[in-house]
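One structure is given below, encoded as structure tokens.
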Amino acid sequence: MNKSLLKFVTDFGPLLIFFYFYKSGDNNLSIAIPPLIISTIIAVIIVYMVERKVPYVPLIGAALISLFGGLTLYFNNPIFIYLKPTIINLVFAAALLISDSFLKKNLLKLFLNNAFKMNDLGWALLNKRWAYFFIFLAILNEIVWRSYAPEKEYIWVNFKVWGILPLTFLFTALQLPLINKYKNNEEY
């Protein structure tokens, strides 16, 4: 299987499985969360088996999904699963900004350096853009769930599946000019 397709399936498959079980389970989070947790853990295992290295970002995501999904089920309170995207996005943003500012390590470059080569200025700009995008997603998640859940929880679920995903694709596509501008094969 193509690695790009495998990455897409392991990144977004669990989310689509969650949506399927949520919709087919009469919009019930308690029915949708266990398949989400299980499929996310399976996705991490598959990535590990294919790449033969620990996939840290998906592993952190799986741990947080298991934690917040488990808390939602245990306490029968959906606030935990509503908060999960906010917390994950803020953790990722903080990791990118703190590692860059205080540790002088660009985590984005560390994780994506094999995907494409850029100079340090390009990596710094891309790192900041992703950090700010994660903060934007966290704020957006808070607005949506606090405006609609739990009475209209389906709006939050639809936003989570069909809103965040296209926004992420669009944001990623909008980074291509920056990546092309700062490619290492250009002279400076």
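Naming works like this for the structure tokens: A, B, ... for the chains as they're shown, residue 1 at the start of each chain, ligands 1 onward in shown order.
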Backbone-only DSSP, alpha helix (DSSP H) members of range 45-114 of chain A, as a PyMOL selection string: chain A and resi 45-51+56-75+79-101+107-112
Counting only C-alpha atoms, the residue of A:Thr172, A:Asn28, A:Asn127, A:Ser4 that sits nearest Phe92 in chain A: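 For Phe92 in chain A, the nearest of the candidates is A:Asn127.
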Point-to-point distance from CA of Asp100 in chain A to CA of Val44 in chain A, Å rounded to tenths: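 Atom-to-atom, CA of Asp100 in chain A to CA of Val44 in chain A, that is 26.1 Å.
Residues with any atom within 7 Å of Phe21 in chain A, counting only C-alpha atoms and excluding same-chain neighbours fewer than 3 positions away, are Ile17, Phe18, Ser24, Gly25, Ile31 and Ala32 of chain A.
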All residues 12 Å or closer to Arg146 in chain A, only C-alpha atoms, same chain fewer than 2 positions away omitted, as a ChimeraX atom specification: /A:78-79,82-83,86,139-144,148-153,155-156
Exercise: range 45-56 of chain A partners within 9 Å, only C-alpha atoms, chain neighbours under 3 positions left out, as a list in words: Lys3, Leu6, Lys7, Thr10, Thr40, Ile41, Ile42, Leu59, Ile60 and Gly61 of chain A
Counting only C-alpha atoms, the option among A:Phe75, A:Phe80, A:Phe102, A:Tyr182 closest to Trp123 in chain A: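 Going through A:Phe75, A:Phe80, A:Phe102, A:Tyr182 one by one, the smallest distance to Trp123 in chain A is for A:Tyr182.
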Spatial neighbours of Pro34 in chain A, 12 Å, only C-alpha atoms, chain gap at least 6 places, as a PyMOL selection string: chain A and resi 14-15+17-19+21-22+28+40-41+65-74+81
Write the residues of the selection above to a file with N, CA and C atoms, as a compact mmCIF listing (two decimals), in the first residue's frame.
```txt
# COMPACT_ATOMS: atom_id res chain seq x y z
N PRO A 14 -9.89 6.62 11.86
CA PRO A 14 -10.58 6.60 13.15
C PRO A 14 -11.66 7.68 13.29
N LEU A 15 -11.41 8.85 12.73
CA LEU A 15 -12.40 9.92 12.78
C LEU A 15 -13.65 9.55 11.98
N ILE A 17 -14.61 6.48 11.33
CA ILE A 17 -15.24 5.39 12.08
C ILE A 17 -16.08 5.98 13.21
N PHE A 18 -15.53 6.95 13.92
CA PHE A 18 -16.28 7.63 14.97
C PHE A 18 -17.58 8.22 14.42
N PHE A 19 -17.48 8.92 13.29
CA PHE A 19 -18.66 9.54 12.69
C PHE A 19 -19.69 8.49 12.30
N PHE A 21 -20.20 5.43 13.55
CA PHE A 21 -20.86 4.85 14.73
C PHE A 21 -21.74 5.88 15.45
N TYR A 22 -21.33 7.13 15.41
CA TYR A 22 -22.15 8.18 16.02
C TYR A 22 -23.48 8.29 15.27
N ASN A 28 -25.20 8.93 19.39
CA ASN A 28 -24.85 8.60 20.77
C ASN A 28 -23.33 8.51 20.91
N THR A 40 -8.13 4.10 16.74
CA THR A 40 -6.96 4.99 16.87
C THR A 40 -5.74 4.19 17.34
N ILE A 41 -5.93 3.32 18.29
CA ILE A 41 -4.82 2.47 18.77
C ILE A 41 -4.34 1.56 17.65
N ILE A 65 -6.98 10.65 23.17
CA ILE A 65 -8.31 10.15 22.79
C ILE A 65 -8.76 9.08 23.79
N SER A 66 -7.86 8.18 24.16
CA SER A 66 -8.19 7.14 25.13
C SER A 66 -8.53 7.76 26.48
N LEU A 67 -7.74 8.74 26.90
CA LEU A 67 -7.98 9.39 28.19
C LEU A 67 -9.31 10.13 28.20
N PHE A 68 -9.51 11.03 27.24
CA PHE A 68 -10.73 11.85 27.24
C PHE A 68 -11.97 11.04 26.87
N GLY A 69 -11.80 10.08 25.95
CA GLY A 69 -12.92 9.20 25.64
C GLY A 69 -13.29 8.34 26.84
N GLY A 70 -12.28 7.82 27.52
CA GLY A 70 -12.52 7.03 28.73
C GLY A 70 -13.19 7.84 29.82
N LEU A 71 -12.75 9.07 30.02
CA LEU A 71 -13.39 9.93 31.02
C LEU A 71 -14.84 10.23 30.65
N THR A 72 -15.09 10.46 29.37
CA THR A 72 -16.46 10.70 28.92
C THR A 72 -17.35 9.51 29.24
N LEU A 73 -16.86 8.31 28.95
CA LEU A 73 -17.65 7.11 29.22
C LEU A 73 -17.79 6.85 30.72
N TYR A 74 -16.70 6.99 31.46
CA TYR A 74 -16.72 6.69 32.89
C TYR A 74 -17.66 7.62 33.66
N ILE A 81 -14.88 14.75 25.96
CA ILE A 81 -14.61 14.54 24.52
C ILE A 81 -14.73 15.86 23.76
```
Selection near Ala94 in chain A, 10 Å with only C-alpha atoms, sequence-local residues under 6 positions removed, as an MDAnalysis selection string: chainID A and resid 88 100 131:132 134:135
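Of the listed residues A:Phe171, A:Leu137, A:Leu121, A:Lys109, the one whose atoms come nearest to Phe159 in chain A is A:Leu137, with distances taken using only C-alpha atoms.
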